[in-house]
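Raw contents of input.txt, compact mmCIF, C-alpha atoms:
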# COMPACT_ATOMS: atom_id res chain seq x y z
CA MET A 874 7.70 12.56 -13.42
CA ALA A 875 6.86 9.01 -12.49
CA LYS A 876 6.93 6.17 -14.99
CA GLU A 877 3.65 5.97 -16.85
CA LEU A 878 1.56 2.83 -16.94
CA LEU A 879 -0.18 2.17 -20.25
CA ALA A 880 1.47 5.26 -21.75
CA SER A 881 0.07 7.09 -24.73
CA CYS A 882 3.15 6.57 -26.90
CA ARG A 883 5.88 3.97 -26.75
CA ASP A 884 9.55 4.71 -26.22
CA GLY A 885 11.45 2.59 -28.70
CA SER A 886 11.33 -1.11 -28.02
CA SER A 887 12.62 -3.45 -30.69
CA ILE A 888 10.51 -6.58 -30.19
CA ILE A 889 6.88 -5.52 -30.37
CA LEU A 890 4.55 -8.18 -29.06
CA ASP A 891 0.82 -8.35 -29.27
CA PRO A 892 -0.71 -7.47 -25.88
CA ARG A 893 -2.59 -10.76 -26.03
CA THR A 894 0.72 -12.62 -26.25
CA LYS A 895 2.00 -10.77 -23.20
CA LEU A 896 -1.19 -11.67 -21.34
CA ALA A 897 -0.76 -15.33 -22.30
CA VAL A 898 2.87 -15.28 -21.11
CA LEU A 899 1.81 -13.67 -17.83
CA ILE A 900 -0.86 -16.32 -17.23
CA THR A 901 1.53 -19.15 -18.14
CA ILE A 902 4.21 -17.79 -15.83
CA SER A 903 1.82 -17.39 -12.93
CA ILE A 904 0.48 -20.92 -13.40
CA PHE A 905 3.82 -22.70 -13.71
CA ILE A 906 6.36 -20.55 -11.88
CA LEU A 907 4.19 -18.97 -9.18
CA GLY A 908 1.88 -21.89 -8.50
CA GLY A 909 3.68 -24.82 -10.11
CA SER A 910 4.82 -28.00 -8.44
CA TYR A 911 8.29 -28.10 -10.10
CA GLU A 912 8.13 -31.82 -10.79
CA GLY A 913 10.31 -33.72 -13.27
CA ILE A 914 11.16 -31.81 -16.42
CA MET A 915 9.07 -28.84 -15.26
CA GLN A 916 11.90 -27.63 -13.07
CA TYR A 917 14.00 -27.17 -16.20
CA TYR A 918 11.17 -25.81 -18.29
CA ILE A 919 10.53 -22.92 -15.92
CA ILE A 920 14.04 -21.68 -16.72
CA ILE A 921 13.04 -21.42 -20.37
CA LEU A 922 9.83 -19.63 -19.36
CA ALA A 923 11.79 -17.23 -17.18
CA PHE A 924 13.88 -16.27 -20.20
CA ILE A 925 10.91 -14.64 -21.94
CA PRO A 926 10.67 -11.61 -19.60
CA LEU A 927 14.45 -11.32 -19.75
CA ILE A 928 14.50 -11.14 -23.55
CA LEU A 929 11.72 -8.55 -23.50
CA LEU A 930 13.51 -6.48 -20.86
CA LEU A 931 16.73 -6.53 -22.88
CA SER A 932 14.97 -5.65 -26.11
CA SER A 933 13.27 -2.63 -24.57
CA GLY A 934 16.66 -1.37 -23.42
CA LYS A 935 16.11 -1.68 -19.68
CA ARG A 936 19.67 -2.83 -18.96
CA LYS A 937 19.66 -2.15 -15.24
CA ALA A 938 16.39 -4.00 -14.71
CA SER A 939 17.70 -6.95 -16.75
CA VAL A 940 20.83 -7.23 -14.63
CA ILE A 941 18.80 -7.10 -11.42
CA TYR A 942 16.43 -9.74 -12.80
CA ILE A 943 19.31 -12.06 -13.79
CA VAL A 944 20.93 -11.68 -10.37
CA ILE A 945 17.70 -12.32 -8.46
CA PHE A 946 16.32 -15.15 -10.53
CA GLY A 947 19.62 -16.78 -11.48
CA GLY A 948 21.02 -16.38 -8.00
CA SER A 949 18.06 -17.92 -6.23
CA LEU A 950 17.89 -20.69 -8.81
CA CYS A 951 21.56 -21.58 -8.25
CA LEU A 952 21.01 -21.50 -4.50
CA GLU A 953 18.01 -23.78 -4.74
CA LEU A 954 19.67 -26.25 -7.11
CA PHE A 955 23.17 -26.54 -5.68
CA ILE A 956 23.81 -24.90 -2.35
CA LEU A 957 20.69 -25.19 -0.18
CA SER A 958 20.98 -28.88 0.55
CA MET A 959 24.45 -28.35 2.04
CA LEU A 960 23.51 -25.62 4.51
CA PRO A 961 22.97 -26.34 8.23
CA SER A 962 19.30 -26.55 9.22
CA PRO A 963 18.41 -23.17 10.83
CA VAL A 964 20.09 -21.15 8.05
CA ASN A 965 18.60 -23.53 5.54
CA TYR A 966 15.07 -22.86 6.76
CA ILE A 967 15.35 -19.08 6.32
CA ALA A 968 17.16 -19.41 3.00
CA VAL A 969 14.51 -21.75 1.61
CA THR A 970 11.79 -19.22 2.41
CA ILE A 971 13.65 -16.28 0.89
CA THR A 972 14.78 -18.01 -2.29
CA GLY A 973 11.31 -19.53 -2.64
CA ILE A 974 9.69 -16.10 -2.63
CA LEU A 975 12.25 -14.56 -4.99
CA LEU A 976 12.23 -17.45 -7.42
CA ARG A 977 8.46 -17.67 -7.62
CA PHE A 978 7.55 -14.01 -7.69
CA ALA A 979 10.31 -12.37 -9.75
CA PRO A 980 9.28 -13.56 -13.27
CA GLY A 981 5.60 -12.81 -12.72
CA ILE A 982 6.28 -9.33 -11.37
CA VAL A 983 8.63 -8.51 -14.23
CA MET A 984 6.13 -9.77 -16.81
CA GLY A 985 3.28 -7.79 -15.22
CA TYR A 986 5.51 -4.72 -15.19
CA LEU A 987 6.31 -5.22 -18.87
CA LEU A 988 2.65 -5.69 -19.70
CA VAL A 989 1.62 -2.36 -18.21
CA THR A 990 4.68 -0.27 -19.09
CA ASP A 991 5.41 -1.60 -22.57
CA THR A 992 1.86 -1.49 -23.94
CA THR A 993 0.19 1.67 -25.12
CA VAL A 994 -3.40 2.50 -24.24
CA SER A 995 -4.54 2.13 -27.85
CA GLU A 996 -2.89 -1.27 -28.19
CA PHE A 997 -4.46 -2.41 -24.94
CA MET A 998 -7.94 -1.28 -25.98
CA ASP A 999 -7.56 -2.86 -29.41
CA ALA A 1000 -6.39 -6.17 -27.97
CA MET A 1001 -9.24 -6.19 -25.45
CA ASP A 1002 -11.72 -5.46 -28.24
CA LYS A 1003 -10.36 -8.39 -30.20
CA LEU A 1004 -10.77 -10.59 -27.12
CA HIS A 1005 -14.40 -9.39 -27.05
CA MET A 1006 -14.07 -7.91 -23.60
CA PRO A 1007 -17.01 -5.54 -23.12
CA ARG A 1008 -16.31 -1.80 -23.19
CA PHE A 1009 -17.70 -1.21 -19.72
CA ILE A 1010 -14.82 -3.21 -18.25
CA THR A 1011 -11.93 -2.16 -20.50
CA MET A 1012 -12.57 1.56 -20.42
CA PRO A 1013 -12.58 2.04 -16.64
CA MET A 1014 -9.71 -0.42 -16.44
CA SER A 1015 -7.43 1.53 -18.76
CA VAL A 1016 -8.34 4.78 -16.98
CA MET A 1017 -7.54 3.10 -13.68
CA PHE A 1018 -4.10 1.87 -14.75
CA ARG A 1019 -3.30 5.29 -16.16
CA PHE A 1020 -4.41 6.83 -12.91
CA PHE A 1021 -2.38 4.77 -10.42
CA PRO A 1022 0.95 6.59 -11.00
CA THR A 1023 -0.81 9.96 -10.87
CA VAL A 1024 -2.43 9.20 -7.54
CA ALA A 1025 0.82 7.79 -6.16
CA GLU A 1026 2.68 10.92 -7.23
CA GLU A 1027 0.10 13.24 -5.66
CA TRP A 1028 0.17 11.11 -2.52
CA SER A 1029 3.93 11.46 -2.05
CA CYS A 1030 3.90 15.21 -2.79
CA ILE A 1031 1.12 15.82 -0.28
CA GLY A 1032 3.02 13.62 2.17
CA ASP A 1033 6.05 15.90 1.81
CA ALA A 1034 3.95 19.01 2.32
CA MET A 1035 2.35 17.56 5.45
CA LYS A 1036 5.72 16.53 6.82
CA MET A 1037 6.80 20.16 6.63
CA ARG A 1038 3.81 21.05 8.76
CA GLY A 1039 4.77 18.33 11.22
CA ILE A 1040 1.80 16.14 10.44
CA GLY A 1041 3.14 12.64 10.16
CA LEU A 1042 4.02 9.71 12.34
CA GLY A 1043 3.96 10.83 15.96
CA TYR A 1044 1.49 13.65 15.45
CA ARG A 1045 -0.94 13.90 18.36
CA ARG A 1046 -4.24 13.35 16.61
CA ALA A 1047 -4.27 10.28 14.42
CA GLY A 1048 -7.51 11.30 12.71
CA HIS A 1049 -5.86 14.43 11.37
CA ILE A 1050 -3.07 12.48 9.70
CA LEU A 1051 -5.61 10.70 7.57
CA GLU A 1052 -7.86 13.67 6.91
CA TYR A 1053 -5.08 16.10 6.00
CA ARG A 1054 -3.61 13.65 3.53
CA LEU A 1055 -6.70 12.12 1.99
CA VAL A 1056 -8.71 15.25 1.41
CA PRO A 1057 -6.14 17.17 -0.68
CA MET A 1058 -5.32 14.04 -2.60
CA MET A 1059 -8.92 13.45 -3.51
CA ILE A 1060 -9.51 17.05 -4.49
CA CYS A 1061 -6.47 16.92 -6.79
CA SER A 1062 -7.51 13.57 -8.24
CA VAL A 1063 -11.05 14.68 -8.94
CA ARG A 1064 -9.78 17.82 -10.71
CA ILE A 1065 -7.38 15.75 -12.81
CA GLY A 1066 -10.19 13.34 -13.56
CA GLU A 1067 -12.45 16.12 -14.77
CA GLU A 1068 -9.73 17.34 -17.10
CA LEU A 1069 -9.19 13.79 -18.31
CA SER A 1070 -12.85 13.27 -19.14
CA ALA A 1071 -13.03 16.64 -20.88
CA ALA A 1072 -10.03 15.63 -22.99
CA ALA A 1073 -11.55 12.25 -23.73
CA LEU A 1074 -14.88 13.75 -24.76
CA THR A 1075 -13.08 16.09 -27.16
CA ARG A 1076 -11.64 13.01 -28.82
CA GLY A 1077 -15.09 11.58 -29.24
CA LEU A 1078 -15.16 9.02 -26.47
CA GLY A 1079 -18.80 9.73 -25.70
CA GLY A 1080 -19.95 9.10 -29.26
CA PRO A 1081 -22.52 6.40 -29.92
CA ILE A 1082 -20.72 4.69 -32.81
CA LYS A 1083 -17.92 2.11 -32.64
CA ARG A 1084 -14.52 3.70 -32.34
CA THR A 1085 -11.76 2.91 -34.79
CA ASN A 1086 -8.15 2.44 -33.80
CA VAL A 1087 -4.92 3.26 -35.66
CA CYS A 1088 -3.04 0.46 -33.93
CA ASP A 1089 -2.49 -2.55 -36.10
CA ILE A 1090 -1.96 -5.33 -33.66
CA GLY A 1091 -1.77 -8.93 -34.72
CA PHE A 1092 0.24 -12.07 -34.28
CA HIS A 1093 3.65 -11.93 -35.95
CA ILE A 1094 6.55 -14.37 -36.06
CA GLN A 1095 7.81 -13.37 -32.60
CA ASP A 1096 4.34 -13.82 -31.08
CA ILE A 1097 3.99 -17.28 -32.62
CA PHE A 1098 7.41 -18.30 -31.33
CA ILE A 1099 6.66 -17.16 -27.79
CA LEU A 1100 3.20 -18.71 -27.83
CA PHE A 1101 4.82 -22.02 -28.84
CA VAL A 1102 7.19 -21.78 -25.87
CA CYS A 1103 4.18 -21.18 -23.58
CA ALA A 1104 2.24 -24.05 -25.11
CA GLY A 1105 5.28 -26.24 -24.49
CA ALA A 1106 4.90 -25.61 -20.78
CA TYR A 1107 1.37 -27.02 -20.80
CA VAL A 1108 2.49 -30.04 -22.85
CA ALA A 1109 5.37 -30.68 -20.46
CA GLN A 1110 3.05 -30.44 -17.46
CA ILE A 1111 0.61 -32.91 -19.02
CA TYR A 1112 3.53 -35.24 -19.79
CA VAL A 1113 4.65 -35.05 -16.17
CA LEU A 1114 1.14 -35.81 -14.95
CA ILE A 1115 0.80 -38.81 -17.29
CA THR A 1116 4.16 -40.36 -16.43
CA ARG A 1117 3.40 -39.98 -12.73
CA GLY A 1118 0.39 -42.21 -13.40
CA MET B 1463 -32.92 3.81 -18.61
CA ASN B 1464 -29.94 5.98 -19.44
CA LYS B 1465 -26.83 4.04 -20.37
CA LEU B 1466 -23.37 4.59 -18.99
CA GLN B 1467 -21.18 6.79 -21.14
CA GLY B 1468 -17.53 7.73 -21.50
CA LYS B 1469 -17.59 10.25 -18.67
CA ASP B 1470 -19.08 7.73 -16.28
CA PHE B 1471 -16.48 5.13 -17.18
CA ILE B 1472 -13.71 7.63 -16.48
CA ASN B 1473 -15.28 8.44 -13.11
CA ILE B 1474 -15.48 4.74 -12.26
CA GLY B 1475 -11.83 4.26 -13.19
CA ILE B 1476 -10.64 7.24 -11.17
CA PHE B 1477 -12.56 6.45 -8.02
CA THR B 1478 -11.71 2.77 -8.12
CA ALA B 1479 -8.04 3.73 -8.40
CA ILE B 1480 -8.25 6.12 -5.44
CA TYR B 1481 -10.23 3.61 -3.39
CA PHE B 1482 -7.79 0.83 -4.15
CA ILE B 1483 -4.72 2.89 -3.22
CA VAL B 1484 -6.32 4.02 0.03
CA ILE B 1485 -7.42 0.56 1.11
CA PHE B 1486 -4.16 -0.99 -0.02
CA ALA B 1487 -2.25 1.45 2.17
CA VAL B 1488 -4.32 0.64 5.24
CA ALA B 1489 -4.62 -3.08 4.53
CA SER B 1490 -0.87 -3.58 4.52
CA ILE B 1491 -1.08 -3.97 8.31
CA GLY B 1492 -2.14 -7.51 7.39
CA PHE B 1493 1.51 -8.51 7.25
CA ILE B 1494 1.14 -8.99 10.98
CA PRO B 1495 -1.22 -11.96 11.21
CA ILE B 1496 -3.16 -10.78 14.27
CA PHE B 1497 -4.38 -7.78 12.30
CA ILE B 1498 -5.82 -9.79 9.40
CA PRO B 1499 -9.36 -10.01 10.80
CA LEU B 1500 -9.12 -6.30 11.64
CA ILE B 1501 -8.81 -5.50 7.93
CA SER B 1502 -12.55 -6.01 7.60
CA VAL B 1503 -13.03 -3.14 10.07
CA ILE B 1504 -10.32 -0.75 8.95
CA VAL B 1505 -10.87 -0.95 5.20
CA PRO B 1506 -14.56 0.10 5.33
CA LEU B 1507 -13.77 2.76 7.93
CA VAL B 1508 -11.21 4.53 5.76
CA GLY B 1509 -12.73 3.61 2.41
CA GLY B 1510 -15.82 5.63 3.32
CA ILE B 1511 -14.07 8.88 2.47
CA PRO B 1512 -13.46 8.23 -1.25
CA MET B 1513 -16.61 6.17 -1.64
CA MET B 1514 -18.98 8.81 -0.28
CA LEU B 1515 -17.57 11.31 -2.79
CA PHE B 1516 -18.03 8.71 -5.52
CA PHE B 1517 -21.63 8.04 -4.47
CA SER B 1518 -22.41 11.74 -4.61
CA LYS B 1519 -21.40 11.77 -8.28
CA ILE B 1520 -23.45 8.74 -9.26
CA ARG B 1521 -26.67 9.37 -11.16
CA LYS B 1522 -26.86 6.18 -13.18
CA PHE B 1523 -27.49 2.55 -12.45
CA GLY B 1524 -24.60 0.10 -12.72
CA MET B 1525 -21.60 2.24 -11.78
CA ILE B 1526 -20.98 0.59 -8.42
CA THR B 1527 -21.30 -2.87 -9.93
CA VAL B 1528 -18.60 -2.12 -12.50
CA SER B 1529 -16.46 -0.62 -9.77
CA GLY B 1530 -16.89 -3.74 -7.62
CA LEU B 1531 -15.98 -5.95 -10.56
CA LEU B 1532 -12.82 -3.91 -11.21
CA LEU B 1533 -11.87 -4.10 -7.55
CA GLY B 1534 -12.27 -7.85 -7.73
CA ILE B 1535 -10.00 -8.01 -10.76
CA ILE B 1536 -7.24 -6.00 -9.05
CA MET B 1537 -7.60 -8.15 -5.97
CA LEU B 1538 -7.07 -11.18 -8.19
CA ILE B 1539 -3.95 -9.62 -9.72
CA THR B 1540 -2.53 -8.67 -6.32
CA GLY B 1541 -3.08 -12.19 -5.08
CA MET B 1542 -6.19 -12.08 -2.87
CA GLY B 1543 -7.96 -14.84 -4.82
CA TYR B 1544 -10.89 -14.81 -7.21
CA TRP B 1545 -13.68 -14.65 -4.63
CA CYS B 1546 -13.50 -10.85 -4.51
CA ILE B 1547 -14.77 -10.68 -8.09
CA LEU B 1548 -17.94 -12.48 -7.03
CA THR B 1549 -18.48 -10.50 -3.84
CA GLY B 1550 -17.59 -7.26 -5.63
CA ILE B 1551 -20.29 -7.85 -8.24
CA VAL B 1552 -22.91 -9.05 -5.75
CA PHE B 1553 -22.52 -6.28 -3.21
CA GLY B 1554 -21.92 -3.71 -5.94
CA LEU B 1555 -25.23 -4.68 -7.52
CA LEU B 1556 -27.02 -4.52 -4.16
CA SER B 1557 -25.55 -1.06 -3.56
CA ASP B 1558 -26.66 0.05 -7.01
CA LEU B 1559 -30.18 -1.12 -6.29
CA ALA B 1560 -30.19 0.63 -2.92
CA LEU B 1561 -29.01 3.90 -4.43
CA LYS B 1562 -31.47 3.67 -7.31
CA ALA B 1563 -34.34 3.15 -4.90
CA CYS B 1564 -33.66 6.45 -3.18
CA GLY B 1565 -33.12 8.41 -6.37
CA TYR B 1566 -29.43 9.20 -5.64
CA LYS B 1567 -30.30 12.14 -3.41
CA ASN B 1568 -30.62 10.78 0.10
CA TYR B 1569 -27.40 10.98 2.13
CA LYS B 1570 -28.66 8.68 4.87
CA ARG B 1571 -29.27 6.04 2.27
CA GLU B 1572 -25.80 6.63 0.87
CA ILE B 1573 -24.28 5.89 4.27
CA LEU B 1574 -26.29 2.68 4.47
CA THR B 1575 -25.23 1.83 0.92
CA HIS B 1576 -21.60 2.20 1.88
CA GLY B 1577 -22.19 -0.36 4.63
CA LEU B 1578 -23.64 -2.67 2.03
CA PHE B 1579 -20.82 -2.11 -0.44
CA SER B 1580 -18.15 -2.65 2.22
CA MET B 1581 -19.22 -6.23 2.66
CA TRP B 1582 -17.26 -7.12 -0.49
CA VAL B 1583 -14.18 -7.35 1.79
CA ILE B 1584 -15.43 -10.75 2.88
CA GLY B 1585 -14.25 -12.10 -0.47
CA ALA B 1586 -10.66 -11.83 0.74
CA PHE B 1587 -11.44 -14.07 3.72
CA ILE B 1588 -13.55 -16.74 2.03
CA PRO B 1589 -10.54 -18.70 0.67
CA ILE B 1590 -8.94 -18.81 4.11
CA VAL B 1591 -11.97 -20.56 5.62
CA VAL B 1592 -13.60 -22.44 2.74
CA THR B 1593 -10.49 -23.90 1.15
CA ARG B 1594 -8.46 -23.93 4.32
CA ALA B 1595 -6.09 -26.78 3.47
CA ASP B 1596 -5.18 -25.42 0.03
CA TYR B 1597 -4.70 -21.92 1.39
CA TYR B 1598 -2.39 -23.24 4.10
CA GLN B 1599 -0.29 -25.09 1.53
CA ASN B 1600 -0.01 -21.95 -0.60
CA LEU B 1601 1.12 -19.85 2.34
CA LEU B 1602 3.93 -22.21 3.31
CA PRO B 1603 6.54 -21.49 0.62
CA GLY B 1604 5.88 -17.74 0.68
CA TYR B 1605 5.44 -16.86 4.32
CA GLY B 1606 6.76 -19.78 6.33
CA GLU B 1607 5.13 -22.16 8.76
CA GLU B 1608 4.97 -19.81 11.71
CA TYR B 1609 2.94 -17.14 9.91
CA ALA B 1610 0.61 -19.75 8.40
CA ASP B 1611 -0.04 -21.44 11.75
CA THR B 1612 -0.71 -18.15 13.53
CA LEU B 1613 -3.05 -16.99 10.79
CA MET B 1614 -5.01 -20.24 10.90
CA SER B 1615 -5.48 -19.99 14.65
CA TYR B 1616 -6.92 -16.48 14.26
CA MET B 1617 -9.37 -17.58 11.61
CA PRO B 1618 -11.76 -20.22 13.00
CA ASP B 1619 -14.72 -21.28 10.83
CA TRP B 1620 -17.33 -19.20 12.63
CA ILE B 1621 -15.47 -15.99 11.88
CA LEU B 1622 -16.98 -15.39 8.41
CA PRO B 1623 -20.44 -14.14 9.53
CA VAL B 1624 -18.78 -12.12 12.29
CA LEU B 1625 -16.51 -10.44 9.78
CA LEU B 1626 -19.43 -9.83 7.45
CA ALA B 1627 -21.37 -8.09 10.22
CA ALA B 1628 -18.25 -6.20 11.29
CA SER B 1629 -17.64 -4.93 7.78
CA PHE B 1630 -21.27 -3.81 7.48
CA ILE B 1631 -21.23 -1.90 10.77
CA SER B 1632 -17.84 -0.32 10.20
CA GLY B 1633 -18.94 0.44 6.66
CA ILE B 1634 -21.77 2.52 8.11
CA ALA B 1635 -19.35 4.20 10.50
CA GLY B 1636 -17.00 4.85 7.58
CA GLY B 1637 -19.91 6.27 5.63
CA ILE B 1638 -20.67 8.70 8.46
CA ILE B 1639 -17.02 9.77 8.61
CA GLY B 1640 -16.96 10.12 4.86
CA TYR B 1641 -20.14 12.17 4.89
CA ARG B 1642 -18.81 14.56 7.53
CA ILE B 1643 -15.55 15.09 5.67
CA PHE B 1644 -17.54 15.51 2.52
CA LYS B 1645 -19.66 18.21 4.18
CA LYS B 1646 -16.65 19.91 5.67
CA HIS B 1647 -14.35 20.00 2.66
CA PHE B 1648 -15.70 18.88 -0.66
CA GLU B 1649 -18.92 20.89 -0.73
CA ARG B 1650 -17.02 24.02 0.21
CA ALA B 1651 -14.40 23.36 -2.45
CA GLY B 1652 -17.13 22.99 -5.00
CA ILE B 1653 -16.27 19.56 -6.33
CA ALA B 1654 -19.36 17.78 -5.08
Translate the structure described by the file into structure tokens.
Amino acid sequence: MAKELLASCRDGSSIILDPRTKLAVLITISIFILGGSYEGIMQYYIIILAFIPLILLLSSGKRKASVIYIVIFGGSLCLELFILSMLPSPVNYIAVTITGILLRFAPGIVMGYLLVTDTTVSEFMDAMDKLHMPRFITMPMSVMFRFFPTVAEEWSCIGDAMKMRGIGLGYRRAGHILEYRLVPMMICSVRIGEELSAAALTRGLGGPIKRTNVCDIGFHIQDIFILFVCAGAYVAQIYVLITRG
Amino acid sequence: MNKLQGKDFINIGIFTAIYFIVIFAVASIGFIPIFIPLISVIVPLVGGIPMMLFFSKIRKFGMITVSGLLLGIIMLITGMGYWCILTGIVFGLLSDLALKACGYKNYKREILTHGLFSMWVIGAFIPIVVTRADYYQNLLPGYGEEYADTLMSYMPDWILPVLLAASFISGIAGGIIGYRIFKKHFERAGIA
């Protein structure tokens, strides 16, 4: 069974954040780490920002993922800060590219992963309601995120079955490869989808009145702390821009 | 005017997910820069299969627009820029209008509609041409100078209308392929 995105129940994480906080962290990280200019104090502040996904990973008990994250982010940070300038030029060029990609993408990917794996569907819907996102966007969106792992799983199973029949890379007729894989996948997906909508209708999704939600999301002390850290990034960036003149 | 309901939203979500996975699988040839313009041909060609099945289930106005908007949002998340949201909504709305005009029953019109819908792909190319300098700077740290230079030489300014026309034509071709597969398999299996 593949890992569920936006699962229906959570599996024991100690720090529970509001989904809106996670969204804010994700946006902050992608602005400053993925697209930032790393000027002045910002190059130290991104280290603080990069700690947020790490703390969340550790608190939800994903030890292996945390270690990998520390090695990738910490390693490429050390390389960039201390070692890169000493390397000879051709090696340096490749190393700059690789560490650049790892350093910039790792925190954002981890945060996005946490957002979709560590948030339940109900929490997500509740948070989106509180952000006044219209239903016609949030409902298909949560179905879609739930559906990605299912489709991926079906895809790999059908791929295995077709490999047994010898339909794969190197098969004579390229059109068949596509047809024999897509058609069963879509038939499966449509069936699953029909079951899903039947289940949802039984729970009253089609009703005309506003739905209530058992989830009690809201900003707690940990949310406020993390939001302060994020706000600090914007302040630091403004400070850098002002001092530059 | 009948409004969209829970079942329709679930259908939108499912088909957008299938469509996205299919096009993402075929669009990953874009890692080789020479194939980037070809994406506007290949994506509509293959995307026709899920989309024609989706169109056959549509009976209400607005479903393709929402689907285009969602596609745009995922494109933004996966780093293709925000233009896809705009093109997704615009061409989704046009497709909705086209399907509404024929009363959701005419398969020839559905093929044409798929051509229309496929033109959303252009959103992924707009940033390369319109904000060329910025895009180049963004590519540099991630992909290196060589990739960025090659990509820029394959994407002259006049390529946008060409790509738009290409996506429309291959969208129609994809629609025909999708329709034939639909006839051959889905009607027989009773899921149409």
Using only C-alpha atoms, which of the listed residues (A:Ala979, A:Leu879, A:Met1058, A:Ile1090) sits closest to A:Ala1034?
A:Met1058
Determine, counting all atoms listed in the file, which protein, DNA and RNA residues have an atom within 9 Å of an atom of B:Leu1548; residues of the same chain fewer than 3 positions away are not included. Present the result as a PyMOL selection string.
chain B and resi 1530-1531+1534+1544-1545+1551-1553+1582+1585
Write out the residues from the selection above, keeping C-alpha atoms, as a short mmCIF file (atom, residue, chain, number, x, y, z; two decimals), in the frame of the given file.
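out-v8.cif, freshly written:
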data_model
loop_
_atom_site.label_atom_id
_atom_site.label_comp_id
_atom_site.auth_asym_id
_atom_site.auth_seq_id
_atom_site.Cartn_x
_atom_site.Cartn_y
_atom_site.Cartn_z
CA GLY B 1530 -16.89 -3.74 -7.62
CA LEU B 1531 -15.98 -5.95 -10.56
CA GLY B 1534 -12.27 -7.85 -7.73
CA TYR B 1544 -10.89 -14.81 -7.21
CA TRP B 1545 -13.68 -14.65 -4.63
CA ILE B 1551 -20.29 -7.85 -8.24
CA VAL B 1552 -22.91 -9.05 -5.75
CA PHE B 1553 -22.52 -6.28 -3.21
CA TRP B 1582 -17.26 -7.12 -0.49
CA GLY B 1585 -14.25 -12.10 -0.47
#
From the list A:Ile1040, A:Leu927, A:Val1016, A:Ile902, which residue is nearest A:Ala1104 when using only C-alpha atoms?
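That would be A:Ile902, the residue with the smallest distance to A:Ala1104.
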Straight-line distance linking atom CA of B:Ser1502 with atom CA of B:Ser1629, stated in Å to one decimal
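Taking atom CA of B:Ser1502 as the start and atom CA of B:Ser1629 as the end point, the length is 5.2 Å.
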Taking only C-alpha atoms into account, report as a VMD selection string which residues of chain B lie within 9 Å of chain A.
chain B and resid 1466 to 1480 1483 to 1484 1508 1511 to 1512 1515 1528 to 1529 1531 to 1532 1600 1602 to 1606 1643 to 1644 1647 to 1648 1651 1653
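One distance worth recording is that between atom CA of B:Ile1584 and atom CA of B:Ala1560, which is 19.5 Å.
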What is the atom CA of B:Lys1522-atom CA of B:Gly1565 distance in Å, reported with one decimal?
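Atom-to-atom, atom CA of B:Lys1522 to atom CA of B:Gly1565, that is 9.5 Å.
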What would the list of residues within 9 Å of (0.4, -2.6, -19.6) (file frame) look like as number ranges by chain, if all atoms listed in the file are what count?
A: 878-880, 892, 985-994, 997, 1015, 1018
Restricted to C-alpha atoms, what would the selected residues look like written as a CSV table (one decimal), in the frame of the given file?
chain,number,residue,atom,x,y,z
A,878,LEU,CA,1.6,2.8,-16.9
A,879,LEU,CA,-0.2,2.2,-20.2
A,880,ALA,CA,1.5,5.3,-21.8
A,892,PRO,CA,-0.7,-7.5,-25.9
A,985,GLY,CA,3.3,-7.8,-15.2
A,986,TYR,CA,5.5,-4.7,-15.2
A,987,LEU,CA,6.3,-5.2,-18.9
A,988,LEU,CA,2.6,-5.7,-19.7
A,989,VAL,CA,1.6,-2.4,-18.2
A,990,THR,CA,4.7,-0.3,-19.1
A,991,ASP,CA,5.4,-1.6,-22.6
A,992,THR,CA,1.9,-1.5,-23.9
A,993,THR,CA,0.2,1.7,-25.1
A,994,VAL,CA,-3.4,2.5,-24.2
A,997,PHE,CA,-4.5,-2.4,-24.9
A,1015,SER,CA,-7.4,1.5,-18.8
A,1018,PHE,CA,-4.1,1.9,-14.8
Could you tell me which of B:Tyr1641, B:Tyr1598, B:Phe1486, B:Phe1630 comes closest to B:Ser1580 if we count all atoms listed in the file?
B:Phe1630
Find the spatial neighbours of B:Trp1620, counting only C-alpha atoms, within a cut-off of 12 Å - ignore same-chain residues fewer than 2 positions away - and output them as a ChimeraX atom specification.
/B:1587-1588,1590-1592,1616-1618,1622-1626
Residues as selected, C-alpha atoms, written as a PDB file, in the coordinates of the input, can you do that?
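What follows is the written file selection.pdb:
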ATOM      1  CA  PHE B1587     -11.440 -14.070   3.720  1.00  0.00           C
ATOM      2  CA  ILE B1588     -13.550 -16.740   2.030  1.00  0.00           C
ATOM      3  CA  ILE B1590      -8.940 -18.810   4.110  1.00  0.00           C
ATOM      4  CA  VAL B1591     -11.970 -20.560   5.620  1.00  0.00           C
ATOM      5  CA  VAL B1592     -13.600 -22.440   2.740  1.00  0.00           C
ATOM      6  CA  TYR B1616      -6.920 -16.480  14.260  1.00  0.00           C
ATOM      7  CA  MET B1617      -9.370 -17.580  11.610  1.00  0.00           C
ATOM      8  CA  PRO B1618     -11.760 -20.220  13.000  1.00  0.00           C
ATOM      9  CA  LEU B1622     -16.980 -15.390   8.410  1.00  0.00           C
ATOM     10  CA  PRO B1623     -20.440 -14.140   9.530  1.00  0.00           C
ATOM     11  CA  VAL B1624     -18.780 -12.120  12.290  1.00  0.00           C
ATOM     12  CA  LEU B1625     -16.510 -10.440   9.780  1.00  0.00           C
ATOM     13  CA  LEU B1626     -19.430  -9.830   7.450  1.00  0.00           C
TER      14      LEU B1626
END
Which is closest to B:Thr1575 among B:Pro1589, B:Gly1524, B:Gly1550, B:Gly1510, if we use all atoms listed in the file?
B:Gly1510
With all atoms listed in the file as the atoms that count, which of B:Lys1646, B:Arg1571, B:Lys1562, B:Arg1594 lies nearest to B:Ile1526?
B:Lys1562
Using only C-alpha atoms, pick whichever of A:Ala1000, A:Gly947, A:Cys1088, A:Ile906 has the shortest atom-to-atom distance to A:Ala1106.
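Checking each candidate against A:Ala1106, we get A:Ile906 as the closest.
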